[in-house]
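Just my_file.txt here, compact mmCIF, C-alpha atoms:
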# COMPACT_ATOMS: atom_id res chain seq x y z
CA MET A 1 4.64 9.66 26.68
CA THR A 2 1.11 10.87 26.12
CA ARG A 3 -0.87 10.89 22.89
CA GLU A 4 -0.55 14.69 22.70
CA ASP A 5 3.27 14.39 22.81
CA ILE A 6 3.26 12.05 19.83
CA ILE A 7 0.70 13.85 17.65
CA LYS A 8 2.85 16.72 16.38
CA PRO A 9 3.54 17.72 12.76
CA GLU A 10 7.23 16.70 13.01
CA ASN A 11 6.24 13.14 14.04
CA LEU A 12 3.91 12.56 11.09
CA VAL A 13 4.78 9.37 9.22
CA TYR A 14 1.68 8.79 7.14
CA LYS A 15 -1.09 11.04 5.91
CA ARG A 16 -3.64 10.77 3.09
CA THR A 17 -2.07 12.43 0.06
CA SER A 18 -3.41 15.78 -1.16
CA VAL A 19 -3.44 14.50 -4.76
CA LEU A 20 -6.62 12.63 -3.80
CA LYS A 21 -9.64 14.85 -3.36
CA ASP A 22 -11.50 14.88 -0.08
CA ALA A 23 -14.46 12.93 -1.53
CA THR A 24 -15.41 9.58 -0.01
CA MET A 25 -14.86 6.87 -2.62
CA HIS A 26 -17.90 4.92 -3.77
CA TYR A 27 -16.05 1.58 -3.72
CA CYS A 28 -17.26 -1.25 -1.50
CA PRO A 29 -15.55 -1.59 1.89
CA GLY A 30 -12.19 -3.32 1.46
CA CYS A 31 -12.00 -2.96 -2.33
CA GLY A 32 -8.50 -2.92 -3.78
CA HIS A 33 -9.40 -0.01 -6.08
CA GLY A 34 -9.19 2.45 -3.19
CA THR A 35 -5.71 1.25 -2.21
CA VAL A 36 -4.44 1.45 -5.78
CA HIS A 37 -5.92 4.95 -6.23
CA ARG A 38 -4.10 6.05 -3.12
CA ILE A 39 -0.81 4.48 -4.25
CA ILE A 40 -1.00 6.16 -7.67
CA ALA A 41 -1.78 9.50 -6.01
CA GLU A 42 1.19 9.08 -3.66
CA VAL A 43 3.50 8.32 -6.58
CA ILE A 44 2.25 11.44 -8.42
CA GLU A 45 2.87 13.51 -5.29
CA GLU A 46 6.35 12.09 -4.72
CA MET A 47 7.38 12.68 -8.34
CA GLY A 48 5.96 16.22 -8.22
CA ILE A 49 4.09 15.82 -11.51
CA GLN A 50 0.57 16.70 -10.36
CA ASP A 51 0.23 19.52 -12.92
CA ASN A 52 1.70 17.43 -15.74
CA VAL A 53 -0.19 14.15 -15.63
CA VAL A 54 -3.29 12.95 -17.45
CA GLY A 55 -5.21 9.88 -16.33
CA ILE A 56 -7.66 7.88 -18.42
CA SER A 57 -10.49 6.25 -16.53
CA PRO A 58 -12.30 3.19 -17.91
CA VAL A 59 -15.85 1.92 -17.81
CA GLY A 60 -16.41 -0.28 -14.79
CA CYS A 61 -16.22 0.24 -11.06
CA SER A 62 -13.43 2.80 -11.47
CA VAL A 63 -15.36 4.90 -14.02
CA LEU A 64 -15.61 7.68 -11.44
CA ALA A 65 -11.86 7.79 -10.79
CA TYR A 66 -11.86 11.40 -12.02
CA ASN A 67 -13.88 12.35 -8.97
CA TYR A 68 -11.07 11.25 -6.68
CA PHE A 69 -7.79 12.29 -8.35
CA ASP A 70 -6.92 15.97 -8.30
CA VAL A 71 -5.25 15.71 -11.74
CA ASP A 72 -6.44 16.04 -15.34
CA PHE A 73 -8.62 13.13 -16.34
CA VAL A 74 -10.34 11.80 -19.44
CA GLU A 75 -13.11 9.22 -19.41
CA ALA A 76 -12.75 6.85 -22.38
CA ALA A 77 -15.37 4.70 -24.08
CA HIS A 78 -15.62 1.12 -22.84
CA GLY A 79 -12.24 -0.58 -23.32
CA ARG A 80 -10.73 2.29 -25.31
CA ALA A 81 -8.53 3.78 -22.61
CA PRO A 82 -5.23 2.65 -24.23
CA ALA A 83 -6.28 4.24 -27.55
CA CYS A 84 -7.18 7.47 -25.77
CA ALA A 85 -3.92 7.40 -23.80
CA SER A 86 -1.90 6.83 -27.01
CA ALA A 87 -3.44 9.91 -28.60
CA ILE A 88 -2.78 12.15 -25.61
CA LYS A 89 0.81 10.95 -25.26
CA ARG A 90 1.52 11.45 -28.98
CA LEU A 91 0.12 14.96 -28.97
CA ARG A 92 1.72 15.98 -25.67
CA PRO A 93 4.85 13.83 -25.30
CA GLU A 94 6.06 15.75 -22.23
CA THR A 95 2.93 14.78 -20.25
CA PHE A 96 2.83 11.71 -18.02
CA VAL A 97 -0.13 9.61 -19.17
CA PHE A 98 -1.61 6.65 -17.36
CA SER A 99 -4.62 4.48 -18.14
CA TYR A 100 -6.50 2.75 -15.35
CA GLN A 101 -8.65 -0.25 -16.26
CA GLY A 102 -10.34 -3.24 -14.74
CA ASP A 103 -10.39 -6.73 -16.16
CA GLY A 104 -13.81 -6.50 -17.82
CA ASP A 105 -12.69 -3.35 -19.60
CA LEU A 106 -9.10 -4.26 -20.47
CA ALA A 107 -9.22 -8.04 -20.98
CA SER A 108 -12.65 -8.34 -22.56
CA ILE A 109 -14.04 -5.48 -24.63
CA GLY A 110 -10.75 -3.59 -24.79
CA CYS A 111 -8.56 -6.55 -25.67
CA ALA A 112 -7.77 -5.26 -29.16
CA GLU A 113 -6.88 -1.75 -27.96
CA VAL A 114 -4.53 -2.94 -25.24
CA MET A 115 -2.87 -5.48 -27.53
CA HIS A 116 -2.19 -2.93 -30.24
CA ALA A 117 -1.12 -0.18 -27.86
CA CYS A 118 1.39 -2.62 -26.36
CA ASN A 119 2.44 -3.81 -29.80
CA ARG A 120 3.01 -0.24 -31.01
CA GLY A 121 5.07 0.43 -27.89
CA GLU A 122 3.28 3.60 -26.81
CA ASN A 123 5.20 5.40 -24.09
CA ILE A 124 2.45 5.20 -21.47
CA THR A 125 1.76 3.60 -18.09
CA MET A 126 -1.11 1.13 -17.85
CA ILE A 127 -2.62 0.05 -14.56
CA PHE A 128 -4.75 -3.09 -14.77
CA ILE A 129 -6.91 -4.14 -11.82
CA ASN A 130 -7.71 -7.83 -12.09
CA ASN A 131 -10.43 -9.12 -9.78
CA GLY A 132 -11.70 -11.88 -12.03
CA ILE A 133 -15.28 -10.63 -12.25
CA TYR A 134 -17.44 -7.81 -13.60
CA GLY A 135 -17.88 -5.93 -10.34
CA MET A 136 -19.98 -2.91 -11.32
CA THR A 137 -22.73 -4.76 -13.19
CA GLY A 138 -23.32 -7.32 -10.45
CA GLY A 139 -20.67 -10.03 -10.61
CA GLN A 140 -20.84 -11.61 -14.09
CA MET A 141 -18.14 -13.87 -15.51
CA ALA A 142 -15.10 -12.09 -16.95
CA PRO A 143 -12.33 -13.53 -19.17
CA THR A 144 -10.12 -13.67 -16.07
CA THR A 145 -12.66 -15.59 -13.94
CA LEU A 146 -10.99 -18.74 -12.64
CA GLU A 147 -12.18 -22.10 -13.95
CA GLY A 148 -14.67 -23.52 -11.48
CA MET A 149 -15.34 -20.13 -9.87
CA GLU A 150 -19.00 -19.32 -9.33
CA THR A 151 -20.40 -16.06 -10.66
CA VAL A 152 -23.89 -14.80 -11.47
CA THR A 153 -23.63 -15.94 -15.09
CA CYS A 154 -21.91 -19.27 -14.30
CA PRO A 155 -23.62 -20.31 -11.05
CA TYR A 156 -22.28 -23.87 -11.27
CA GLY A 157 -18.70 -22.74 -11.76
CA ARG A 158 -16.91 -21.74 -14.95
CA ASP A 159 -16.67 -24.73 -17.25
CA PRO A 160 -13.77 -24.22 -19.70
CA GLU A 161 -15.34 -26.55 -22.26
CA ILE A 162 -18.22 -24.19 -22.94
CA MET A 163 -17.04 -20.89 -21.38
CA GLY A 164 -13.41 -20.81 -22.40
CA HIS A 165 -10.26 -20.76 -20.35
CA THR A 166 -9.07 -18.25 -17.78
CA MET A 167 -7.18 -15.56 -19.65
CA ARG A 168 -3.61 -14.71 -18.67
CA LEU A 169 -3.52 -11.47 -20.60
CA THR A 170 -0.57 -9.92 -18.80
CA GLU A 171 1.61 -12.90 -19.72
CA ALA A 172 0.58 -12.42 -23.35
CA LEU A 173 1.33 -8.69 -23.27
CA ALA A 174 4.79 -9.34 -21.79
CA GLN A 175 5.66 -11.23 -24.96
CA LEU A 176 4.92 -8.27 -27.22
CA PRO A 177 8.01 -6.30 -28.28
CA GLY A 178 6.45 -2.93 -27.41
CA THR A 179 6.30 -3.52 -23.66
CA TYR A 180 9.24 -2.34 -21.55
CA TYR A 181 8.09 -3.18 -18.03
CA VAL A 182 5.42 -5.77 -17.16
CA THR A 183 4.68 -6.86 -13.64
CA ARG A 184 1.94 -8.31 -11.46
CA GLN A 185 1.42 -6.96 -7.95
CA ALA A 186 -1.15 -7.13 -5.15
CA VAL A 187 -2.16 -4.78 -2.34
CA TYR A 188 -3.81 -6.95 0.32
CA THR A 189 -0.90 -6.93 2.82
CA PRO A 190 1.25 -3.95 3.90
CA ALA A 191 4.42 -5.50 2.42
CA LEU A 192 2.75 -6.12 -0.95
CA ALA A 193 1.21 -2.64 -0.99
CA ARG A 194 4.66 -1.08 -0.44
CA LYS A 195 6.09 -3.27 -3.19
CA CYS A 196 3.24 -2.30 -5.50
CA LYS A 197 4.02 1.35 -4.89
CA LYS A 198 7.63 0.79 -6.00
CA ALA A 199 6.39 -0.95 -9.16
CA ILE A 200 3.96 1.87 -10.01
CA ARG A 201 6.70 4.43 -9.36
CA GLN A 202 8.97 2.50 -11.74
CA ALA A 203 6.18 2.42 -14.34
CA PHE A 204 5.82 6.22 -14.17
CA GLU A 205 9.61 6.82 -14.19
CA ASN A 206 9.88 4.70 -17.34
CA GLN A 207 7.92 7.33 -19.27
CA LYS A 208 11.00 9.57 -19.07
CA LEU A 209 12.97 6.95 -21.05
CA ASN A 210 10.53 6.69 -23.98
CA LYS A 211 11.06 2.94 -24.35
CA GLY A 212 7.52 1.55 -24.48
CA VAL A 213 4.53 0.50 -22.41
CA SER A 214 4.91 0.03 -18.67
CA PHE A 215 2.18 -2.33 -17.56
CA VAL A 216 1.29 -3.00 -13.92
CA GLU A 217 -1.37 -5.60 -13.17
CA VAL A 218 -2.72 -5.47 -9.63
CA THR A 219 -4.52 -8.63 -8.55
CA SER A 220 -7.39 -7.42 -6.43
CA ASN A 221 -10.41 -8.74 -4.61
CA CYS A 222 -14.09 -8.12 -5.31
CA ASN A 223 -15.78 -8.93 -2.02
CA SER A 224 -19.26 -7.97 -3.22
CA GLY A 225 -18.99 -9.95 -6.46
CA TRP A 226 -17.42 -12.94 -4.73
CA LYS A 227 -20.05 -12.75 -1.95
CA MET A 228 -17.51 -12.63 0.89
CA THR A 229 -16.25 -10.15 3.46
CA ALA A 230 -13.16 -8.16 2.54
CA VAL A 231 -10.88 -10.24 4.77
CA GLN A 232 -12.32 -13.54 3.48
CA ALA A 233 -11.97 -12.32 -0.11
CA ASN A 234 -8.31 -11.48 0.44
CA LYS A 235 -7.71 -14.94 1.91
CA TRP A 236 -9.57 -16.60 -0.97
CA MET A 237 -7.51 -14.58 -3.43
CA GLU A 238 -4.27 -15.68 -1.77
CA GLU A 239 -5.32 -19.35 -1.84
CA ASN A 240 -6.79 -19.49 -5.35
CA THR A 241 -6.23 -16.52 -7.64
CA LEU A 242 -2.56 -16.08 -6.86
CA LYS A 243 -1.85 -19.73 -7.73
CA TYR A 244 -3.00 -19.11 -11.29
CA PHE A 245 -1.86 -15.47 -11.45
CA PRO A 246 1.40 -15.56 -9.46
CA LEU A 247 2.87 -12.21 -8.42
CA GLY A 248 6.18 -10.92 -9.68
CA ASP A 249 7.95 -9.16 -12.52
CA MET A 250 7.58 -10.57 -16.00
CA LYS A 251 9.63 -8.10 -17.98
CA VAL A 252 12.04 -5.54 -16.54
CA ASN A 253 13.85 -2.99 -18.72
CA GLY A 254 12.66 -4.79 -21.83
CA LYS A 255 14.15 -8.16 -20.75
CA PHE A 256 12.23 -11.23 -19.55
CA ASP A 257 12.57 -12.15 -15.91
CA PRO A 258 14.22 -15.64 -15.67
CA LYS A 259 11.38 -16.92 -13.45
CA PHE A 260 8.85 -15.84 -16.06
CA ILE A 261 10.65 -17.83 -18.76
CA GLU A 262 10.52 -20.90 -16.49
CA ARG A 263 6.81 -20.35 -15.89
CA ILE A 264 5.95 -19.97 -19.56
CA ALA A 265 7.44 -23.42 -20.19
CA THR A 266 4.71 -24.93 -17.94
CA PHE A 267 1.77 -23.22 -19.66
CA ASP A 268 0.92 -26.28 -21.80
CA GLN A 269 0.31 -28.37 -18.68
CA PRO A 270 -2.94 -28.42 -16.69
CA ASN A 271 -2.98 -26.06 -13.72
CA GLU A 272 -3.65 -27.95 -10.48
CA THR A 273 -5.37 -24.99 -8.81
CA LEU A 274 -8.02 -24.79 -11.46
CA TYR A 275 -8.87 -28.47 -11.20
CA SER A 276 -9.26 -28.19 -7.43
CA LEU A 277 -11.94 -25.53 -7.86
CA ARG A 278 -14.00 -27.61 -10.28
CA LYS A 279 -16.94 -29.46 -8.80
CA LYS A 280 -17.47 -32.78 -10.56
CA MET B 281 15.29 2.39 21.23
CA ALA B 282 11.57 1.99 21.16
CA PHE B 283 9.11 3.92 19.10
CA LYS B 284 5.67 5.00 20.21
CA GLY B 285 2.92 5.55 17.70
CA ALA B 286 -0.42 7.31 17.67
CA LEU B 287 -3.26 7.07 15.18
CA VAL B 288 -5.76 9.68 14.10
CA ILE B 289 -8.72 7.96 12.49
CA ASN B 290 -11.24 9.72 10.29
CA THR B 291 -14.20 7.74 11.64
CA GLU B 292 -16.74 9.35 9.29
CA LYS B 293 -14.89 8.03 6.22
CA CYS B 294 -14.12 4.58 7.62
CA LYS B 295 -16.14 1.78 5.97
CA GLY B 296 -15.26 -0.89 8.53
CA CYS B 297 -13.72 -3.36 6.06
CA GLU B 298 -11.29 -4.72 8.71
CA VAL B 299 -8.42 -5.02 6.21
CA CYS B 300 -6.22 -2.80 8.41
CA ILE B 301 -6.86 -5.04 11.44
CA THR B 302 -5.26 -7.98 9.59
CA GLY B 303 -2.25 -5.77 8.83
CA CYS B 304 -1.61 -4.60 12.40
CA PRO B 305 1.19 -6.62 14.05
CA ASN B 306 0.27 -5.68 17.65
CA GLY B 307 -3.53 -5.79 17.79
CA VAL B 308 -3.84 -2.05 18.35
CA ILE B 309 -7.04 -1.48 16.38
CA ALA B 310 -10.50 -3.06 16.29
CA LEU B 311 -13.96 -2.22 15.04
CA SER B 312 -16.14 -0.12 17.30
CA LYS B 313 -19.61 -1.26 18.36
CA LYS B 314 -20.86 2.20 17.41
CA VAL B 315 -21.63 3.19 13.83
CA ASN B 316 -20.87 6.36 11.87
CA ALA B 317 -23.30 8.44 9.80
CA LYS B 318 -23.10 5.95 6.92
CA GLY B 319 -23.96 3.05 9.19
CA TYR B 320 -20.57 1.37 9.20
CA ASN B 321 -18.89 0.13 12.38
CA TYR B 322 -15.83 2.33 12.30
CA LEU B 323 -12.27 1.68 13.37
CA GLU B 324 -11.06 2.57 16.85
CA VAL B 325 -7.86 2.22 18.85
CA VAL B 326 -8.27 -0.38 21.60
CA ASN B 327 -4.67 -0.88 22.72
CA ALA B 328 -2.91 2.46 22.23
CA ASP B 329 0.16 1.49 24.29
CA ALA B 330 1.12 -1.29 21.86
CA CYS B 331 1.21 1.00 18.79
CA ILE B 332 4.71 1.39 17.34
CA GLY B 333 3.71 3.68 14.48
CA CYS B 334 4.66 1.23 11.72
CA ALA B 335 1.90 2.65 9.46
CA ASN B 336 0.97 -0.85 8.19
CA CYS B 337 -2.70 -0.11 8.80
CA ALA B 338 -2.53 3.15 6.87
CA VAL B 339 -0.65 1.59 3.94
CA ILE B 340 -3.42 -0.94 3.22
CA CYS B 341 -6.42 1.22 4.11
CA PRO B 342 -8.43 1.50 0.86
CA ASP B 343 -9.95 4.80 1.93
CA GLY B 344 -6.91 6.44 3.53
CA VAL B 345 -8.67 7.23 6.79
CA ILE B 346 -5.68 6.65 9.07
CA GLU B 347 -3.04 9.23 9.90
CA VAL B 348 0.04 7.91 11.70
CA TYR B 349 2.44 9.71 14.04
CA ARG B 350 5.59 8.20 15.51
CA ALA B 351 8.04 9.45 18.14
CA LYS B 352 11.13 8.05 19.86
CA GLU B 353 10.51 7.18 23.48
Please express what this file holds, its structure, as structure tokens.
Amino acid sequence: MTREDIIKPENLVYKRTSVLKDATMHYCPGCGHGTVHRIIAEVIEEMGIQDNVVGISPVGCSVLAYNYFDVDFVEAAHGRAPACASAIKRLRPETFVFSYQGDGDLASIGCAEVMHACNRGENITMIFINNGIYGMTGGQMAPTTLEGMETVTCPYGRDPEIMGHTMRLTEALAQLPGTYYVTRQAVYTPALARKCKKAIRQAFENQKLNKGVSFVEVTSNCNSGWKMTAVQANKWMEENTLKYFPLGDMKVNGKFDPKFIERIATFDQPNETLYSLRKK
Amino acid sequence: MAFKGALVINTEKCKGCEVCITGCPNGVIALSKKVNAKGYNYLEVVNADACIGCANCAVICPDGVIEVYRAKE
């Protein structure tokens, strides 16, 4: 069988979705943002809601998301994407609304907005990309930076005694009554990327039910900020980040996942992964 | 029944991050020694016969540069 026999329209199994514009993304090679953009665009295409969806882009690496999605987009002030999304959803309840934020935007400056949007139970989808660093501004420490991890502003490793502890914001949001679906996914292997797509699809479908916030955290890499290659960064993430931020559902259909309840019971104990990163 | 796959790679958009290479189960793809207009070593097919069209490379490509075709042999 020759290559020409295989390359025919009826044999196509995967093609870049038309919901993404033809522009080349500005993200660094291997950045998880590109994969998540593509997954969201595929979900929008599969649900057939391209003309009825509004996205909110944040401040951070993904500030230019509106250049890549061929859907209506609003650019919110730093950290205020959930507030902006709440307004749009309240004024146009039939529209699918999603906010897309990184960890510097959502967990740091926008902490109040995301907390209150989740507490009010706005009927929106939130996508949260957690790479544990401020990527766009050059790799400064973020609330989600692991203890002991080196960044530009903590070159000797994050010391929790003076810089605070690594923030598990998604776990906190899952405990608010306004959230309906809370999950943590990753996109660095094909299996996880397919699983992440199912989760994001679920988060968009939930908007039809009008039950509350659907929140999808995607643990991602930042190879430039972590000073590694993309493949090394993914390996480092698997070995370190995912021990402190384990993948999986936290709340499904408004009910806690049993594994999440077990995990919360261990939160008062020291996390072994964090101690291994510390250099003393 | 075996499947045969074929890849169409948009070499001008490829950034050479190698994430897809870690996802390929059969070692079909590798980075080229040549560079594209942006200066990245782009992706190329080195072992076309082993491709089964699983689309794993395309699913984790951050820039969506890979198109996958699959046919029954």
List every residue of chain A that has an atom at most 6 Å from any atom of chain B, and for each one report the closest atom pair and its distance in Å to one decimal, counting only C-alpha atoms, with rows sorted by chain and then by increasing residue number, as JSON lines.
{"residue": "A:Ile6", "atom": "CA", "partner": "B:Ala351", "partner_atom": "CA", "distance": 5.7}
{"residue": "A:Ile7", "atom": "CA", "partner": "B:Tyr349", "partner_atom": "CA", "distance": 5.8}
{"residue": "A:Asn11", "atom": "CA", "partner": "B:Tyr349", "partner_atom": "CA", "distance": 5.1}
{"residue": "A:Leu12", "atom": "CA", "partner": "B:Tyr349", "partner_atom": "CA", "distance": 4.4}
{"residue": "A:Val13", "atom": "CA", "partner": "B:Tyr349", "partner_atom": "CA", "distance": 5.4}
{"residue": "A:Tyr14", "atom": "CA", "partner": "B:Val348", "partner_atom": "CA", "distance": 4.9}
{"residue": "A:Lys15", "atom": "CA", "partner": "B:Glu347", "partner_atom": "CA", "distance": 4.8}
{"residue": "A:Arg16", "atom": "CA", "partner": "B:Gly344", "partner_atom": "CA", "distance": 5.4}
{"residue": "A:Pro29", "atom": "CA", "partner": "B:Cys297", "partner_atom": "CA", "distance": 4.9}
{"residue": "A:Gly30", "atom": "CA", "partner": "B:Cys297", "partner_atom": "CA", "distance": 4.8}
{"residue": "A:Gly34", "atom": "CA", "partner": "B:Pro342", "partner_atom": "CA", "distance": 4.2}
{"residue": "A:Thr35", "atom": "CA", "partner": "B:Pro342", "partner_atom": "CA", "distance": 4.1}
{"residue": "A:Pro190", "atom": "CA", "partner": "B:Asn336", "partner_atom": "CA", "distance": 5.3}
{"residue": "A:Ala230", "atom": "CA", "partner": "B:Cys297", "partner_atom": "CA", "distance": 6.0}
{"residue": "A:Val231", "atom": "CA", "partner": "B:Val299", "partner_atom": "CA", "distance": 5.9}
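Going from CA of Ile88 (chain A) over to CA of Asn67 (chain A), you cover 20.0 Å.
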Contacts of Ile40 (chain A) at 9 Å (only C-alpha atoms; same-chain gap of 6+ positions) as a ChimeraX atom specification: /A:197,200-201
Test item: axis-aligned box, all listed atoms of region 254-270 of chain A, 8 Å on each side, centre and edges in Å rounded to one decimal, as lines of an AutoDock Vina configuration file:
center_x = 5.6
center_y = -16.6
center_z = -17.6
size_x = 33.2
size_y = 39.6
size_z = 24.4
Would you list the contacts of Phe245 (chain A) as an mmCIF file with C-alpha atoms, keeping the file's coordinate frame, taking every protein, DNA or RNA residue within 9 Å and counting only C-alpha atoms, but skipping same-chain residues closer than 3 positions in sequence?
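Just written: part27.cif:
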data_model
loop_
_atom_site.group_PDB
_atom_site.id
_atom_site.type_symbol
_atom_site.label_atom_id
_atom_site.label_comp_id
_atom_site.auth_asym_id
_atom_site.auth_seq_id
_atom_site.Cartn_x
_atom_site.Cartn_y
_atom_site.Cartn_z
ATOM 1 C CA ARG A 168 -3.610 -14.710 -18.670
ATOM 2 C CA ARG A 184 1.940 -8.310 -11.460
ATOM 3 C CA THR A 219 -4.520 -8.630 -8.550
ATOM 4 C CA ASN A 240 -6.790 -19.490 -5.350
ATOM 5 C CA THR A 241 -6.230 -16.520 -7.640
ATOM 6 C CA LEU A 242 -2.560 -16.080 -6.860
#
Non-local contacts of Val308 (chain B) (6 Å; only C-alpha atoms; under 4 positions in same chain excluded) as a ChimeraX atom specification: /B:325-327,331
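You will find CA of Leu323 (chain B) at 23.4 Å from CA of Ala41 (chain A).
Excluding Pro177 (chain A) itself and any same-chain residue fewer than 3 positions from it, the protein and nucleic acid residues within 10 Å of it, counting all atoms listed in the file, are Cys118, Asn119, Arg120, Gly121, Leu173, Ala174, Tyr180, Gly212, Val213, Gly254 and Lys255 of chain A.
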Take the residues that were just selected and, keeping C-alpha atoms, output them as a short mmCIF file (atom, residue, chain, number, x, y, z; two decimals), keeping the file's coordinate frame.
data_model
loop_
_atom_site.label_atom_id
_atom_site.label_comp_id
_atom_site.auth_asym_id
_atom_site.auth_seq_id
_atom_site.Cartn_x
_atom_site.Cartn_y
_atom_site.Cartn_z
CA CYS A 118 1.39 -2.62 -26.36
CA ASN A 119 2.44 -3.81 -29.80
CA ARG A 120 3.01 -0.24 -31.01
CA GLY A 121 5.07 0.43 -27.89
CA LEU A 173 1.33 -8.69 -23.27
CA ALA A 174 4.79 -9.34 -21.79
CA TYR A 180 9.24 -2.34 -21.55
CA GLY A 212 7.52 1.55 -24.48
CA VAL A 213 4.53 0.50 -22.41
CA GLY A 254 12.66 -4.79 -21.83
CA LYS A 255 14.15 -8.16 -20.75
#
